[in-house]
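Data from start.tsv: TSV, C-alpha atoms
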chain	number	residue	atom	x	y	z
Z	1346	MET	CA	6.32	-19.01	1.66
Z	1347	SER	CA	4.24	-18.85	4.81
Z	1348	LEU	CA	0.60	-17.76	4.75
Z	1349	THR	CA	1.58	-14.70	6.81
Z	1350	GLN	CA	4.19	-13.49	4.33
Z	1351	GLU	CA	1.84	-14.25	1.44
Z	1352	ALA	CA	-0.82	-12.10	3.11
Z	1353	GLN	CA	1.70	-9.30	3.70
Z	1354	ARG	CA	2.87	-9.36	0.10
Z	1355	PHE	CA	-0.71	-9.38	-1.12
Z	1356	LEU	CA	-1.57	-6.35	1.02
Z	1357	PHE	CA	1.37	-4.39	-0.40
Z	1358	SER	CA	0.05	-5.07	-3.90
Z	1359	THR	CA	-3.29	-3.35	-3.17
Z	1360	HIS	CA	-4.26	0.27	-2.67
Z	1361	SER	CA	-8.03	0.37	-2.19
Z	1362	GLY	CA	-10.72	-1.59	-0.42
Z	1363	ILE	CA	-14.03	-1.47	1.38
Z	1364	LEU	CA	-13.87	0.09	4.84
Z	1365	SER	CA	-16.57	-1.00	7.28
Z	1366	THR	CA	-17.25	1.03	10.41
Z	1367	HIS	CA	-19.86	0.80	13.17
Z	1368	SER	CA	-22.70	3.17	12.32
Z	1369	ALA	CA	-23.11	5.86	14.95
Z	1370	LYS	CA	-26.44	6.90	13.43
Z	1371	PHE	CA	-27.99	3.46	13.03
Z	1372	THR	CA	-26.97	1.38	16.02
Z	1373	GLY	CA	-26.00	-2.19	15.25
Z	1374	TYR	CA	-25.49	-1.71	11.52
Z	1375	PRO	CA	-22.12	-1.79	9.75
Z	1376	PHE	CA	-21.40	1.03	7.30
Z	1377	GLY	CA	-19.31	0.32	4.21
Z	1378	SER	CA	-17.41	2.88	2.15
Z	1379	VAL	CA	-14.77	2.89	-0.57
Z	1380	ALA	CA	-11.33	3.60	0.89
Z	1381	PRO	CA	-8.12	4.30	-1.02
Z	1382	PHE	CA	-5.10	3.77	1.21
Z	1383	VAL	CA	-1.31	3.72	1.26
Z	1384	LEU	CA	0.63	1.36	3.49
Z	1385	ASN	CA	3.28	2.66	5.82
Z	1386	HIS	CA	6.52	0.68	6.04
Z	1387	GLN	CA	5.17	-1.41	8.90
Z	1388	GLY	CA	2.44	-2.63	6.55
Z	1389	MET	CA	-0.39	-0.71	8.22
Z	1390	PRO	CA	-2.95	1.00	5.92
Z	1391	THR	CA	-3.14	4.79	6.13
Z	1392	ILE	CA	-6.25	6.62	4.93
Z	1393	LEU	CA	-6.88	10.34	4.45
Z	1394	ILE	CA	-10.44	11.20	5.45
Z	1395	SER	CA	-12.58	14.22	6.26
Z	1396	THR	CA	-14.01	14.89	9.71
Z	1397	ILE	CA	-17.44	15.43	8.13
Z	1398	ALA	CA	-17.44	12.02	6.40
Z	1399	GLU	CA	-19.84	9.41	7.77
Z	1400	HIS	CA	-17.09	6.84	8.33
Z	1401	THR	CA	-15.00	9.37	10.30
Z	1402	LYS	CA	-17.94	10.09	12.60
Z	1403	ASN	CA	-18.33	6.34	13.04
Z	1404	ILE	CA	-14.64	5.90	13.90
Z	1405	ALA	CA	-14.91	8.65	16.52
Z	1406	HIS	CA	-17.80	6.65	18.03
Z	1407	ASN	CA	-16.10	3.24	17.72
Z	1408	ALA	CA	-12.55	2.92	16.39
Z	1409	HIS	CA	-12.81	-0.80	15.60
Z	1410	VAL	CA	-13.03	-1.21	11.82
Z	1411	SER	CA	-12.70	-3.76	9.05
Z	1412	LEU	CA	-11.02	-3.33	5.68
Z	1413	VAL	CA	-11.55	-5.78	2.81
Z	1414	VAL	CA	-9.07	-5.76	-0.09
Z	1415	PHE	CA	-9.19	-8.02	-3.11
Z	1416	ALA	CA	-7.41	-8.71	-6.39
Z	1417	GLY	CA	-9.33	-8.18	-9.62
Z	1418	GLU	CA	-13.07	-8.12	-10.16
Z	1419	GLU	CA	-13.45	-10.93	-12.71
Z	1420	ASP	CA	-14.12	-13.73	-10.21
Z	1421	LEU	CA	-14.22	-12.44	-6.66
Z	1422	GLN	CA	-14.86	-15.89	-5.22
Z	1423	ALA	CA	-11.79	-17.42	-6.87
Z	1424	ASN	CA	-9.34	-14.54	-6.50
Z	1425	ALA	CA	-7.27	-13.79	-3.40
Z	1426	ARG	CA	-8.74	-11.46	-0.81
Z	1427	LEU	CA	-7.85	-10.20	2.62
Z	1428	THR	CA	-10.06	-9.02	5.48
Z	1429	LEU	CA	-8.37	-6.87	8.11
Z	1430	LEU	CA	-9.75	-6.23	11.57
Z	1431	ALA	CA	-8.11	-3.09	12.89
Z	1432	LYS	CA	-8.23	-0.17	15.27
Z	1433	ALA	CA	-8.21	3.22	13.56
Z	1434	GLU	CA	-6.03	5.89	15.16
Z	1435	GLN	CA	-5.64	9.48	14.05
Z	1436	THR	CA	-2.09	10.26	12.93
Z	1437	ASP	CA	-0.26	13.40	11.84
Z	1438	LYS	CA	-0.94	14.30	8.21
Z	1439	GLN	CA	2.10	16.61	8.34
Z	1440	ASN	CA	4.47	13.66	8.77
Z	1441	ILE	CA	6.70	14.52	5.81
Z	1442	LEU	CA	7.80	11.00	4.89
Z	1443	MET	CA	4.27	9.57	5.02
Z	1444	ARG	CA	2.77	12.58	3.29
Z	1445	GLU	CA	5.25	12.31	0.41
Z	1446	ARG	CA	4.69	8.55	0.16
Z	1447	TYR	CA	0.91	8.99	0.15
Z	1448	LEU	CA	1.03	11.62	-2.59
Z	1449	ARG	CA	3.33	9.58	-4.81
Z	1450	TYR	CA	0.63	6.91	-4.89
Z	1451	LEU	CA	-2.40	9.21	-4.79
Z	1452	PRO	CA	-1.29	12.59	-6.24
Z	1453	GLN	CA	-4.91	13.65	-6.73
Z	1454	ALA	CA	-5.24	13.95	-2.94
Z	1455	GLU	CA	-2.80	16.87	-2.67
Z	1456	GLN	CA	-5.57	19.46	-2.34
Z	1457	TYR	CA	-6.93	17.69	0.74
Z	1458	PHE	CA	-3.76	18.30	2.74
Z	1459	ASP	CA	-4.51	22.02	2.73
Z	1460	MET	CA	-8.00	21.49	4.12
Z	1461	HIS	CA	-8.28	21.54	7.90
Z	1462	ASP	CA	-10.97	18.88	8.02
Z	1463	PHE	CA	-8.85	16.15	6.40
Z	1464	THR	CA	-6.48	14.03	8.46
Z	1465	PHE	CA	-4.63	10.70	8.42
Z	1466	TYR	CA	-5.95	7.64	10.18
Z	1467	THR	CA	-3.74	4.57	10.45
Z	1468	LEU	CA	-5.45	1.20	10.70
Z	1469	TYR	CA	-3.49	-0.90	13.17
Z	1470	ILE	CA	-4.25	-4.50	12.29
Z	1471	THR	CA	-5.39	-6.76	15.14
Z	1472	GLN	CA	-6.36	-9.81	13.04
Z	1473	ALA	CA	-6.29	-10.70	9.36
Z	1474	ARG	CA	-8.19	-13.35	7.42
Z	1475	TYR	CA	-6.38	-14.21	4.19
Z	1476	ILE	CA	-7.92	-16.35	1.46
Z	1477	ALA	CA	-5.27	-17.16	-1.13
Z	1478	GLY	CA	-7.51	-19.45	-3.14
Z	1479	PHE	CA	-9.61	-22.57	-2.82
Z	1480	GLY	CA	-8.51	-24.56	0.22
Z	1481	LYS	CA	-5.75	-22.12	1.22
Z	1482	MET	CA	-6.84	-19.70	3.90
Z	1483	GLY	CA	-6.35	-18.81	7.53
Z	1484	TRP	CA	-6.21	-16.21	10.28
Z	1485	VAL	CA	-3.04	-14.20	10.88
Z	1486	PRO	CA	-2.50	-12.25	14.14
Z	1487	GLY	CA	-2.04	-8.52	13.70
Z	1488	THR	CA	1.32	-8.69	15.47
Z	1489	ASP	CA	2.53	-11.01	12.70
Z	1490	MET	CA	1.23	-8.68	9.97
Z	1491	GLN	CA	3.15	-5.71	11.38
Z	1492	LEU	CA	6.67	-5.36	10.02
Z	1493	PRO	CA	9.57	-4.22	12.23
Z	1494	THR	CA	10.94	-0.71	11.89
Z	1495	HIS	CA	13.94	-0.55	9.55
Z	1496	PRO	CA	15.93	2.14	7.69
Z	1497	LEU	CA	14.08	1.71	4.38
Z	1498	PHE	CA	11.31	4.20	5.25
Z	1499	ILE	CA	13.86	6.99	5.76
Z	1500	GLU	CA	15.93	5.89	2.74
Z	1501	GLU	CA	12.95	5.49	0.39
Z	1502	PRO	CA	12.93	9.07	-1.04
Z	1503	SER	CA	16.62	8.97	-2.00
Z	1504	ILE	CA	16.28	5.50	-3.56
Z	1505	ILE	CA	13.34	6.71	-5.65
Z	1506	GLU	CA	15.13	9.87	-6.73
Z	1507	HIS	CA	18.22	7.87	-7.73
Z	1508	MET	CA	16.22	5.30	-9.72
Z	1509	ASN	CA	14.11	7.89	-11.53
Z	1510	HIS	CA	17.05	10.17	-12.31
Z	1511	ASP	CA	19.84	7.69	-13.08
Z	1512	HIS	CA	18.14	4.40	-13.95
Z	1513	ALA	CA	14.98	5.28	-15.85
Z	1514	HIS	CA	16.06	2.83	-18.55
Z	1515	ASN	CA	16.04	0.00	-15.99
Z	1516	LEU	CA	12.51	0.90	-14.95
Z	1517	LEU	CA	11.40	0.63	-18.58
Z	1518	ALA	CA	13.17	-2.73	-18.85
Z	1519	TYR	CA	11.44	-4.01	-15.68
Z	1520	CYS	CA	8.05	-3.09	-17.15
Z	1521	GLN	CA	8.79	-4.95	-20.37
Z	1522	HIS	CA	10.44	-8.01	-18.84
Z	1523	TYR	CA	8.21	-8.67	-15.84
Z	1524	HIS	CA	4.84	-7.36	-17.06
Z	1525	GLY	CA	5.11	-7.31	-20.84
Z	1526	VAL	CA	4.34	-3.58	-20.80
Z	1527	HIS	CA	6.16	-1.42	-23.34
Z	1528	ALA	CA	6.09	1.93	-21.57
Z	1529	ASN	CA	7.01	5.32	-23.00
Z	1530	ALA	CA	8.09	6.49	-19.55
Z	1531	ALA	CA	8.13	5.06	-16.06
Z	1532	GLU	CA	8.88	6.27	-12.56
Z	1533	MET	CA	9.26	4.47	-9.27
Z	1534	ILE	CA	6.71	5.72	-6.74
Z	1535	GLY	CA	7.41	3.48	-3.74
Z	1536	ILE	CA	9.70	0.78	-2.42
Z	1537	ASP	CA	9.16	-1.46	0.59
Z	1538	THR	CA	10.35	-4.68	2.19
Z	1539	PHE	CA	8.65	-6.91	-0.38
Z	1540	GLY	CA	9.01	-4.98	-3.62
Z	1541	PHE	CA	8.38	-1.70	-5.38
Z	1542	ASP	CA	5.76	0.10	-7.45
Z	1543	VAL	CA	6.18	1.86	-10.77
Z	1544	ARG	CA	3.84	4.20	-12.61
Z	1545	ALA	CA	4.17	3.20	-16.25
Z	1546	HIS	CA	2.98	5.47	-19.04
Z	1547	THR	CA	1.63	4.01	-22.26
Z	1548	LYS	CA	-1.58	5.48	-23.70
Z	1549	SER	CA	-2.56	5.97	-20.09
Z	1550	ALA	CA	-0.81	5.60	-16.74
Z	1551	GLN	CA	-0.93	2.31	-14.86
Z	1552	ARG	CA	0.62	1.16	-11.62
Z	1553	LEU	CA	2.78	-1.97	-11.78
Z	1554	ARG	CA	3.93	-4.02	-8.80
Z	1555	PHE	CA	7.33	-5.76	-8.73
Z	1556	ASP	CA	8.12	-8.34	-6.05
Z	1557	PHE	CA	11.56	-9.02	-4.63
Z	1558	GLU	CA	12.58	-12.67	-4.33
Z	1559	THR	CA	13.58	-12.08	-0.70
Z	1560	PRO	CA	12.58	-9.22	1.61
Z	1561	ILE	CA	14.88	-6.21	1.98
Z	1562	THR	CA	15.36	-3.80	4.88
Z	1563	ASN	CA	17.74	-1.07	3.69
Z	1564	ALA	CA	19.16	0.80	0.69
Z	1565	GLU	CA	22.12	-1.55	0.22
Z	1566	GLU	CA	19.85	-4.59	0.00
Z	1567	ALA	CA	17.52	-2.66	-2.30
Z	1568	ARG	CA	20.40	-1.86	-4.64
Z	1569	ALA	CA	21.45	-5.52	-4.82
Z	1570	ALA	CA	17.87	-6.65	-5.55
Z	1571	LEU	CA	17.37	-4.01	-8.25
Z	1572	VAL	CA	20.70	-4.85	-9.90
Z	1573	ASN	CA	19.78	-8.54	-10.00
Z	1574	MET	CA	16.47	-7.69	-11.64
Z	1575	ALA	CA	18.23	-5.51	-14.21
Z	1576	ILE	CA	20.59	-8.40	-15.02
Z	1577	ALA	CA	17.58	-10.71	-15.44
Z	1578	CYS	CA	16.09	-8.26	-17.93
Z	1579	ARG	CA	19.21	-8.51	-20.09
Z	1580	ALA	CA	19.50	-12.30	-19.91

I'd like the structure from this file rewritten - as structure tokens, please.
Amino acid sequence: MSLTQEAQRFLFSTHSGILSTHSAKFTGYPFGSVAPFVLNHQGMPTILISTIAEHTKNIAHNAHVSLVVFAGEEDLQANARLTLLAKAEQTDKQNILMRERYLRYLPQAEQYFDMHDFTFYTLYITQARYIAGFGKMGWVPGTDMQLPTHPLFIEEPSIIEHMNHDHAHNLLAYCQHYHGVHANAAEMIGIDTFGFDVRAHTKSAQRLRFDFETPITNAEEARAALVNMAIACRA
């Protein structure tokens, strides 16, 4: 697997990071803030932020930002991490497909969509620095990080509905087989080129990531990949 695809897969496994903007109030200083995000199907992070927030004011002053995402907090120096340089652009929070995708991952944000001062910003990656581990790192151009447009984004809601309604037992089996999690209930919340995410319920809810062996681009390929995983669970 190339470093680029490894970086892309890693990014799809994360959903929060540290957003750094150029301070409009204190010239020359970077300003860091916690930023939950959801990726669109081109692999670009989308954040929902208020116009009165400090980082939003900074973006209005200078749209060039950085987002750092990392895996685990046990040993930050040893674990994989990814630094994105990006340009933040305001996007339509009423985009139905993106809104639904965002709320499946971050349902607690629903109240913010009814507030006029909250809006989407998409971070269009210009450069990425991926550190996979000791001795394995490199820069990836933003054009390489961006995925091509394919039917999966439009097909995602129907795939999720079908899996949650007709194949809930398979989702439970995936949790057990691939993560060793014996869930009481599970629902798919997102599917993308590289894999899918499930919210598994035990004593509490946790989000589990499942990677496809090879990337997919449409519902037919998704079905084949999910069937193969179900077969592996029964082997």

Dump as CSV the rows for residues of stretch 1508-1553 of chain Z within 10 Å of stretch 1445-1450 of chain Z: closest atom pair and distance in Å with one decimal, only C-alpha atoms counted, ordered by chain and rising residue number.
residue,atom,partner,partner_atom,distance
Z:Met1533,CA,Z:Arg1449,CA,9.0
Z:Ile1534,CA,Z:Arg1449,CA,5.5
Z:Gly1535,CA,Z:Arg1446,CA,7.0
Z:Ile1536,CA,Z:Arg1446,CA,9.6
Z:Asp1542,CA,Z:Tyr1450,CA,8.9
Z:Val1543,CA,Z:Tyr1450,CA,9.5
Z:Arg1544,CA,Z:Tyr1450,CA,8.8
Z:Arg1552,CA,Z:Tyr1450,CA,8.9

Atoms to include: C-alpha atoms. Write the selected residues as a compact mmCIF listing (two decimals), keeping the file's coordinate frame.
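To be explicit, this is the file written out as out_10.txt:
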# COMPACT_ATOMS: atom_id res chain seq x y z
CA MET Z 1533 9.26 4.47 -9.27
CA ILE Z 1534 6.71 5.72 -6.74
CA GLY Z 1535 7.41 3.48 -3.74
CA ILE Z 1536 9.70 0.78 -2.42
CA ASP Z 1542 5.76 0.10 -7.45
CA VAL Z 1543 6.18 1.86 -10.77
CA ARG Z 1544 3.84 4.20 -12.61
CA ARG Z 1552 0.62 1.16 -11.62

Q) What is the distance, in Å and to one decimal place, between atom CA of Z:His1386 and atom CA of Z:Phe1498? A) 6.0 Å

Q | Selection as an MDAnalysis selection string: residues within 12 Å of (7.4, 3.7, 1.6), counting all atoms listed in the file | A | chainID Z and resid 1357 1383:1391 1441:1450 1494:1505 1533:1542 1562:1563

(Q) So that I can see what lies close to stretch 1477-1488 of chain Z, please list as a PyMOL selection string the residues with an atom at most 12 Å from it, counting all atoms listed in the file and leaving out residues fewer than 3 positions away in the same chain. (A) chain Z and resi 1347-1356+1387-1389+1415-1416+1420-1432+1468-1474+1491-1493

Q. With only C-alpha atoms as the basis for distance, which of Z:Pro1560, Z:Lys1370, Z:Ser1361, Z:Asp1437 is at the shortest distance from Z:Asn1403?
A.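 For Z:Asn1403, the nearest of the given residues is Z:Lys1370.
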
Q.
Distance cut-off 12 Å, centre (-16.4, 10.3, 9.2) in file coordinates, counting all atoms listed in the file: which residues qualify? Return them as a VMD selection string.
A. chain Z and resid 1364 to 1370 1376 to 1378 1380 1392 to 1408 1433 1435 1462 to 1466

(Q) Please compute the atom CA of Z:Phe1371-atom CA of Z:Glu1434 distance, one decimal, in Å. (A)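 According to the coordinates, atom CA of Z:Phe1371 and atom CA of Z:Glu1434 are separated by 22.2 Å.
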
Q: Figure out the distance between atom CA of Z:His1461 and atom CA of Z:Val1413, please, to one decimal in Å.
A: 28.0 Å

Q.
Please list as a list in words every residue within 7 Å of Z:His1360, counting all atoms listed in the file and excluding residues in the same chain fewer than 2 positions away.
A.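 In the requested format, the answer is Ser1358, Pro1381, Phe1382 and Val1383 of chain Z.
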
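Taking all atoms listed in the file, the non-local environment of Z:Ala1513 within 8 Å (same-chain residues fewer than 6 positions away omitted) comprises Ala1530, Ala1531 and Glu1532 of chain Z.
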
Write the residues of the preceding selection, restricted to C-alpha atoms, as a PDB file, keeping the file's coordinate frame.
ATOM      1  CA  ALA Z1530       8.090   6.490 -19.550  1.00  0.00           C
ATOM      2  CA  ALA Z1531       8.130   5.060 -16.060  1.00  0.00           C
ATOM      3  CA  GLU Z1532       8.880   6.270 -12.560  1.00  0.00           C
TER       4      GLU Z1532
END

Axis-aligned box over every listed atom of stretch 1496-1513 of chain Z, padded by 5 Å per side: centre and edges in Å to one decimal, as JSON?
{"center_x": 15.6, "center_y": 5.9, "center_z": -4.1, "size_x": 18.5, "size_y": 18.5, "size_z": 33.5}

Q | Proximity to Z:Met1490 - best of Z:Ala1575, Z:Glu1558, Z:Gln1453, Z:Tyr1475, all atoms listed in the file | A | Z:Tyr1475

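Distances to Z:Thr1359 were evaluated for Z:Ala1564, Z:Met1460, Z:Leu1553, Z:Val1414 using only C-alpha atoms, and the minimum falls at Z:Val1414.
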
Q | Distance criterion (all atoms listed in the file): nearest to Z:Met1574 out of Z:Asn1529, Z:Thr1559, Z:Thr1547, Z:Asn1515 | A |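 The shortest atom-to-atom distance to Z:Met1574 comes from Z:Asn1515.
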
Q: Could you check which of Z:Phe1555, Z:Tyr1374, Z:Tyr1457, Z:Tyr1519 is closest to Z:Ala1577, using all atoms listed in the file?
A: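 Using all atoms listed in the file, the shortest distance to Z:Ala1577 belongs to Z:Tyr1519.
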
Q. Out of Z:Cys1520, Z:Leu1571, Z:Ile1476, Z:Ala1550, which residue has the shortest atom-to-atom distance to Z:Met1508 when counting all atoms listed in the file?
A. Z:Leu1571
